[in-house]
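Visitor: Mind looking over this structure? Questions follow.
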Amino acid sequence: MTPILEVDNLTKRYGELTAVDGVSFQVEVGEVFGLLGPNGAGKTTLISMLTGVLPPTAGTARIGGHDIRTAMDRAKQINGLVPQDVALYSTLSARANITFFGQIYGLRGQALRDRVDDVLRIVGLTERADDRVETFSGGMRRRVNIAAGLVHQPRLLFLDEPTVGVDPQSRNHIFESVTQLNRERGMSIIYTSHYMEEVEMLCSRAAIIDQGRIIALDSVKNLVALLGGGVIHVGISHADEALLAQIAALPIVQEALPLNVPRDDEDTEPRTDGAVIKIVVEPGQDALVSIIGLLNAEGVTITSLEILNPNLESVFLHLTGKKLRD
Ligand SMILES: Nc1ncnc2c1ncn2[C@@H]1O[C@H](COP(=O)(O)OP(=O)(O)OP(=O)(O)O)[C@@H](O)[C@H]1O
Ligand SMILES: [Mg+2]
């Protein structure tokens, strides 16, 4: 079967800055494909080119076989876009907003009304359909935005960070909608996020984008397996080269490095104690006992201990040396 999306060396330059740098990948019909990258990675720029919002500088893509440089009108009938920034008329009802988007796609009369009812149901807003959008929470507005992107029954839906700034209830609704659209209606979905756990939960495959380039692309399972084992962060009173070398020499340890990346999210306490070392261990091994044993034997005080199971977050950190969220 023709892939629903074939991206071929797609590039966008803004003067000196290359926002999307020769990106190529394919998405098969029926996939939920994750695009993962930090702020400024080029995710929105990539999606904007694929949906006809921005012209590419170089390269191209085909959507359902239609080249976006020569047949964007055809591609747009297949595509649905839920943009990162919510664009709605706040003084109009949810129903009126979605109806407006349906009209843009040429829907009229009963067919339009049926479609609007259907997408309101999908995003769980049937009961609030006739209320003005200005009375909605941020999460509900985002769900209206999703409904607007769905009204013309796209075969390929682009969701650009759909859960940013969204309350937990709306977030769950969005996850359910994505799963339902994919499983029950066979919709292919490109899901952009910098929340690893969302991509791990929703997507079969994912591309990790950094500075406009794809730095890894595989099944979520294989991406996580890339890292091999787990990562242990040990806070100790003092670390020197000799100690790091001793830890690294333990049979189950792959590497031991002083941690020089910024500490976790803002909600954790800033670290005031000595050094933190990052220890990468082999898969399926209980490394902790021997690491603690070694530190004890050396008379080193352990001030903190954090065991990070391999996940996309640690894969990203491993590949780029950066945290995904700043
Ligand atoms: N109109 C523009 N003019 C100049 N530079 C731009 C323009 N739009 C985006 N950029 C730059 O292109 C790069 C990629 O931006 P983009 O919005 O695609 O990133 P993103 O991955 O969507 O980030 P975020 O997670 O913050 O939404 C950034 O360096 C950004 O500053
Ligand atoms: Mg963006």
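All residue names refer to the structure tokens as shown: chains lettered A, B, ... in order, residues numbered from 1 in each chain, ligands numbered from 1 in order.
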Name each residue within 8 Å of ligand 1, counting only C-alpha atoms and all ligand atoms, as a PyMOL selection string.

Guide: chain A and resi 14-15+17-20+37-46+84+160-161+193-194+209+211-212

Visitor: Create the file for the chosen residues now, containing C-alpha atoms and written as an mmCIF file, in the first residue's frame.

Guide:
```
data_model
loop_
_atom_site.group_PDB
_atom_site.id
_atom_site.type_symbol
_atom_site.label_atom_id
_atom_site.label_comp_id
_atom_site.auth_asym_id
_atom_site.auth_seq_id
_atom_site.Cartn_x
_atom_site.Cartn_y
_atom_site.Cartn_z
ATOM 1 C CA TYR A 14 14.850 31.258 7.487
ATOM 2 C CA GLY A 15 17.873 33.253 6.339
ATOM 3 C CA LEU A 17 18.699 29.446 10.289
ATOM 4 C CA THR A 18 17.766 26.022 8.953
ATOM 5 C CA ALA A 19 14.616 25.171 10.895
ATOM 6 C CA VAL A 20 14.032 21.849 9.097
ATOM 7 C CA GLY A 37 11.670 17.143 20.013
ATOM 8 C CA PRO A 38 12.442 20.047 22.329
ATOM 9 C CA ASN A 39 11.291 23.633 21.841
ATOM 10 C CA GLY A 40 12.553 24.990 18.542
ATOM 11 C CA ALA A 41 13.397 21.545 17.113
ATOM 12 C CA GLY A 42 11.393 22.258 13.956
ATOM 13 C CA LYS A 43 8.245 20.207 14.597
ATOM 14 C CA THR A 44 5.720 22.940 13.825
ATOM 15 C CA THR A 45 7.714 24.117 10.812
ATOM 16 C CA LEU A 46 7.720 20.574 9.436
ATOM 17 C CA GLN A 84 -0.385 24.233 18.153
ATOM 18 C CA ASP A 160 0.697 19.632 17.079
ATOM 19 C CA GLU A 161 1.278 19.378 20.839
ATOM 20 C CA SER A 193 4.827 16.309 21.597
ATOM 21 C CA HIS A 194 7.589 16.910 24.034
ATOM 22 C CA ILE A 209 14.002 15.658 16.070
ATOM 23 C CA GLN A 211 17.813 21.194 15.530
ATOM 24 C CA GLY A 212 15.815 20.442 12.412
#
```

Visitor: Which residues come within 9 Å of Leu250 in chain A, counting only C-alpha atoms, excluding same-chain residues fewer than 6 positions away, as a compact mmCIF listing (two decimals) with N, CA and C atoms, in the first residue's frame?

Guide:
```txt
# COMPACT_ATOMS: atom_id res chain seq x y z
N ALA A 287 22.33 -3.81 39.37
CA ALA A 287 23.63 -3.17 39.52
C ALA A 287 23.76 -2.46 40.85
N SER A 290 26.02 -3.80 43.84
CA SER A 290 27.48 -3.70 43.72
C SER A 290 27.94 -2.25 43.72
N ILE A 291 27.13 -1.35 43.19
CA ILE A 291 27.53 0.07 43.20
C ILE A 291 27.56 0.59 44.64
N LEU A 294 30.47 -0.85 46.54
CA LEU A 294 31.74 -0.20 46.21
C LEU A 294 31.87 1.14 46.92
```

Visitor: Point out the residue among A:Ser188, A:His152, A:Gln110, A:Ile122 with the least atom-to-atom distance to Phe175 in chain A, counting only C-alpha atoms.

Guide: A:Ile122

Visitor: Distance table requested - range 123-232 of chain A against range 50-74 of chain A, cut-off 10 Å, only C-alpha atoms: one row per qualifying residue with the closest atom pair and its distance in Å to one decimal, ordered by chain and rising residue number, as JSON lines.

Guide:
```
{"residue": "A:Arg155", "atom": "CA", "partner": "A:Gly64", "partner_atom": "CA", "distance": 8.8}
{"residue": "A:Leu156", "atom": "CA", "partner": "A:Ile63", "partner_atom": "CA", "distance": 8.4}
{"residue": "A:Leu157", "atom": "CA", "partner": "A:Thr51", "partner_atom": "CA", "distance": 10.0}
{"residue": "A:Phe158", "atom": "CA", "partner": "A:Thr51", "partner_atom": "CA", "distance": 8.5}
```

Visitor: Produce a file of the selected residues containing C-alpha atoms, as a CSV table (one decimal), in the first residue's frame.

Guide:
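Writing done, so here's selection_19.csv:
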```
chain,number,residue,atom,x,y,z
A,155,ARG,CA,-7.3,10.2,6.5
A,156,LEU,CA,-4.2,11.7,8.0
A,157,LEU,CA,-4.4,14.0,11.1
A,158,PHE,CA,-1.6,16.2,12.3
```

Visitor: Give me, please, the distance in Å between CA of Val234 in chain A and CA of Leu288 in chain A, quoted to one decimal.

Guide: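 For CA of Val234 in chain A relative to CA of Leu288 in chain A, the distance reads 10.1 Å.
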
Visitor: So, with only C-alpha atoms and all ligand atoms as the atoms that count, which of A:Ser204, A:Arg13, A:Leu125, A:Val164 lies closest to ligand 2?

Guide: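 Of A:Ser204, A:Arg13, A:Leu125, A:Val164, the one nearest ligand 2, counting only C-alpha atoms and all ligand atoms, is A:Val164.
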
Visitor: Do you know which residues are at most 12 Å from Pro251 in chain A counting only C-alpha atoms, after dropping those on the same chain fewer than 2 positions away, and could you put them as a short mmCIF file (atom, residue, chain, number, x, y, z; two decimals) with C-alpha atoms, in the first residue's frame?

Guide:
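The resulting part.cif:
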```
data_model
loop_
_atom_site.label_atom_id
_atom_site.label_comp_id
_atom_site.auth_asym_id
_atom_site.auth_seq_id
_atom_site.Cartn_x
_atom_site.Cartn_y
_atom_site.Cartn_z
CA GLN A 246 36.38 2.10 39.77
CA ILE A 247 32.63 2.28 39.23
CA ALA A 248 33.04 2.01 35.47
CA ALA A 249 35.14 -1.12 35.99
CA VAL A 253 28.39 -0.99 34.46
CA GLN A 254 28.69 0.42 30.94
CA GLU A 255 29.79 3.89 31.90
CA VAL A 280 24.65 3.48 32.78
CA VAL A 281 24.08 -0.17 33.59
CA GLU A 282 23.45 -3.24 31.47
CA GLN A 285 21.01 -6.61 35.94
CA ASP A 286 20.78 -5.62 39.53
CA ALA A 287 23.63 -3.17 39.52
CA SER A 290 27.48 -3.70 43.72
CA ILE A 291 27.53 0.07 43.20
#
```

Visitor: Under the rule that only C-alpha atoms are counted, which of A:Val86, A:Gln153, A:Thr163, A:Thr179 is the nearest residue to Val133 in chain A?

Guide: A:Val86

Visitor: May I have the residues within 6 Å of range 218-233 of chain A as a PyMOL selection string, using only C-alpha atoms and disregarding those fewer than 3 positions away in the same chain?

Guide: chain A and resi 204-206+277-283+305-312+315

Visitor: Output as a PyMOL selection string all residues of range 168-283 of chain A that backbone DSSP marks as alpha helix (DSSP H).

Guide: chain A and resi 168-185+196-202+220-226+241-248

Visitor: Create the file for the chosen residues now, containing C-alpha atoms and written as a PDB file, in the first residue's frame.

Guide:
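Below is the file out_37.pdb, written as the result:
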```
ATOM      1  CA  PRO A 168      -6.059  16.340  33.138  1.00  0.00           C
ATOM      2  CA  GLN A 169      -9.647  15.536  32.192  1.00  0.00           C
ATOM      3  CA  SER A 170      -9.308  17.070  28.730  1.00  0.00           C
ATOM      4  CA  ARG A 171      -5.952  15.397  28.365  1.00  0.00           C
ATOM      5  CA  ASN A 172      -7.535  11.998  28.916  1.00  0.00           C
ATOM      6  CA  HIS A 173     -10.292  12.870  26.452  1.00  0.00           C
ATOM      7  CA  ILE A 174      -7.669  13.748  23.862  1.00  0.00           C
ATOM      8  CA  PHE A 175      -5.833  10.441  24.379  1.00  0.00           C
ATOM      9  CA  GLU A 176      -9.100   8.529  24.054  1.00  0.00           C
ATOM     10  CA  SER A 177     -10.019  10.423  20.887  1.00  0.00           C
ATOM     11  CA  VAL A 178      -6.645   9.674  19.314  1.00  0.00           C
ATOM     12  CA  THR A 179      -6.914   5.982  20.137  1.00  0.00           C
ATOM     13  CA  GLN A 180     -10.506   5.773  18.970  1.00  0.00           C
ATOM     14  CA  LEU A 181      -9.868   7.596  15.678  1.00  0.00           C
ATOM     15  CA  ASN A 182      -6.961   5.318  14.963  1.00  0.00           C
ATOM     16  CA  ARG A 183      -8.458   1.987  16.024  1.00  0.00           C
ATOM     17  CA  GLU A 184     -12.071   2.438  14.982  1.00  0.00           C
ATOM     18  CA  ARG A 185     -11.696   4.643  11.940  1.00  0.00           C
ATOM     19  CA  MET A 196       7.681  11.341  26.232  1.00  0.00           C
ATOM     20  CA  GLU A 197       5.078   9.396  28.133  1.00  0.00           C
ATOM     21  CA  GLU A 198       2.397  10.442  25.636  1.00  0.00           C
ATOM     22  CA  VAL A 199       4.418   9.234  22.698  1.00  0.00           C
ATOM     23  CA  GLU A 200       5.251   5.994  24.500  1.00  0.00           C
ATOM     24  CA  MET A 201       1.582   5.417  25.220  1.00  0.00           C
ATOM     25  CA  LEU A 202       0.047   6.430  21.884  1.00  0.00           C
ATOM     26  CA  VAL A 220       9.074   3.199  20.364  1.00  0.00           C
ATOM     27  CA  LYS A 221      10.146  -0.175  21.724  1.00  0.00           C
ATOM     28  CA  ASN A 222      13.402  -0.157  19.753  1.00  0.00           C
ATOM     29  CA  LEU A 223      14.113   3.465  20.624  1.00  0.00           C
ATOM     30  CA  VAL A 224      13.864   2.638  24.292  1.00  0.00           C
ATOM     31  CA  ALA A 225      15.971  -0.472  23.772  1.00  0.00           C
ATOM     32  CA  LEU A 226      18.637   1.736  22.146  1.00  0.00           C
ATOM     33  CA  GLU A 241      38.410  10.371  38.440  1.00  0.00           C
ATOM     34  CA  ALA A 242      39.703   7.365  40.344  1.00  0.00           C
ATOM     35  CA  LEU A 243      36.310   6.649  41.869  1.00  0.00           C
ATOM     36  CA  LEU A 244      34.530   7.028  38.519  1.00  0.00           C
ATOM     37  CA  ALA A 245      37.029   4.608  36.977  1.00  0.00           C
ATOM     38  CA  GLN A 246      36.384   2.099  39.767  1.00  0.00           C
ATOM     39  CA  ILE A 247      32.632   2.277  39.226  1.00  0.00           C
ATOM     40  CA  ALA A 248      33.036   2.012  35.465  1.00  0.00           C
TER      41      ALA A 248
END
```

Visitor: Name the residues in contact with Ile302 in chain A at a cut-off of 6 Å, using only C-alpha atoms, excluding same-chain residues fewer than 2 positions from it; report them as an mmCIF file with C-alpha atoms, in the first residue's frame.

Guide:
```
data_model
loop_
_atom_site.group_PDB
_atom_site.id
_atom_site.type_symbol
_atom_site.label_atom_id
_atom_site.label_comp_id
_atom_site.auth_asym_id
_atom_site.auth_seq_id
_atom_site.Cartn_x
_atom_site.Cartn_y
_atom_site.Cartn_z
ATOM 1 C CA GLY A 235 24.582 11.828 44.560
ATOM 2 C CA ILE A 236 27.793 11.544 46.547
ATOM 3 C CA SER A 304 20.785 10.755 46.859
#
```

Visitor: Using only C-alpha atoms and all ligand atoms, pick whichever of A:Thr11, A:Ser48, A:Gln26, A:Gln103 has the shortest atom-to-atom distance to ligand 2.

Guide: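 That would be A:Ser48, the residue with the smallest distance to ligand 2.
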
Visitor: Residues of range 74-249 of chain A classed as strand (DSSP E or B) by DSSP on the backbone are to be reported as a VMD selection string.

Guide: chain A and resid 79 to 82 93 132 156 to 160 188 to 193 205 to 210 213 to 219 231 to 236

Visitor: With only C-alpha atoms as the counted atoms, please give the residues lying no more than 10 Å from Thr320 in chain A, apart from itself and same-chain residues fewer than 6 positions off, as a PDB file with N, CA and C atoms, in the first residue's frame.

Guide:
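The new file out-v4.pdb reads:
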```pdb
ATOM      1  N   ILE A 208      12.775  11.220  16.600  1.00  0.00           N
ATOM      2  CA  ILE A 208      13.270  12.229  17.531  1.00  0.00           C
ATOM      3  C   ILE A 208      13.961  13.305  16.705  1.00  0.00           C
ATOM      4  N   ILE A 209      13.479  14.533  16.857  1.00  0.00           N
ATOM      5  CA  ILE A 209      14.002  15.658  16.070  1.00  0.00           C
ATOM      6  C   ILE A 209      14.757  16.607  16.970  1.00  0.00           C
ATOM      7  N   ASP A 210      15.917  17.015  16.527  1.00  0.00           N
ATOM      8  CA  ASP A 210      16.688  18.004  17.260  1.00  0.00           C
ATOM      9  C   ASP A 210      17.343  18.911  16.235  1.00  0.00           C
ATOM     10  N   ILE A 215      17.226  12.601  14.471  1.00  0.00           N
ATOM     11  CA  ILE A 215      18.433  11.967  15.007  1.00  0.00           C
ATOM     12  C   ILE A 215      18.173  10.506  15.359  1.00  0.00           C
ATOM     13  N   SER A 314      15.057   9.189  28.656  1.00  0.00           N
ATOM     14  CA  SER A 314      16.475   8.882  28.828  1.00  0.00           C
ATOM     15  C   SER A 314      17.151   8.638  27.482  1.00  0.00           C
TER      16      SER A 314
END
```

Visitor: Could you work out how far CA of Glu28 in chain A lies from CA of Leu107 in chain A, giving the answer in Å with one decimal?

Guide: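 Taking CA of Leu107 in chain A and CA of Glu28 in chain A, their separation equals 27.6 Å.
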
Visitor: Can you tell me how far CA of Gly321 in chain A sits from CA of Ile189 in chain A, in Å to one decimal?

Guide: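 So the two atoms, CA of Gly321 in chain A and CA of Ile189 in chain A, lie 28.6 Å apart.
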
Visitor: Check the smallest atom-to-atom distance from each of A:Tyr191, A:Arg141, A:Glu16, A:Ala87 to ligand 2 using only C-alpha atoms and all ligand atoms, then report the winner.

Guide: A:Tyr191

Visitor: Point out the residue among A:Leu112, A:Ala275, A:Ala297, A:Ala129 with the least atom-to-atom distance to Arg95 in chain A, counting only C-alpha atoms.

Guide: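 When distances to Arg95 in chain A are compared using only C-alpha atoms, the smallest one comes from A:Ala129.
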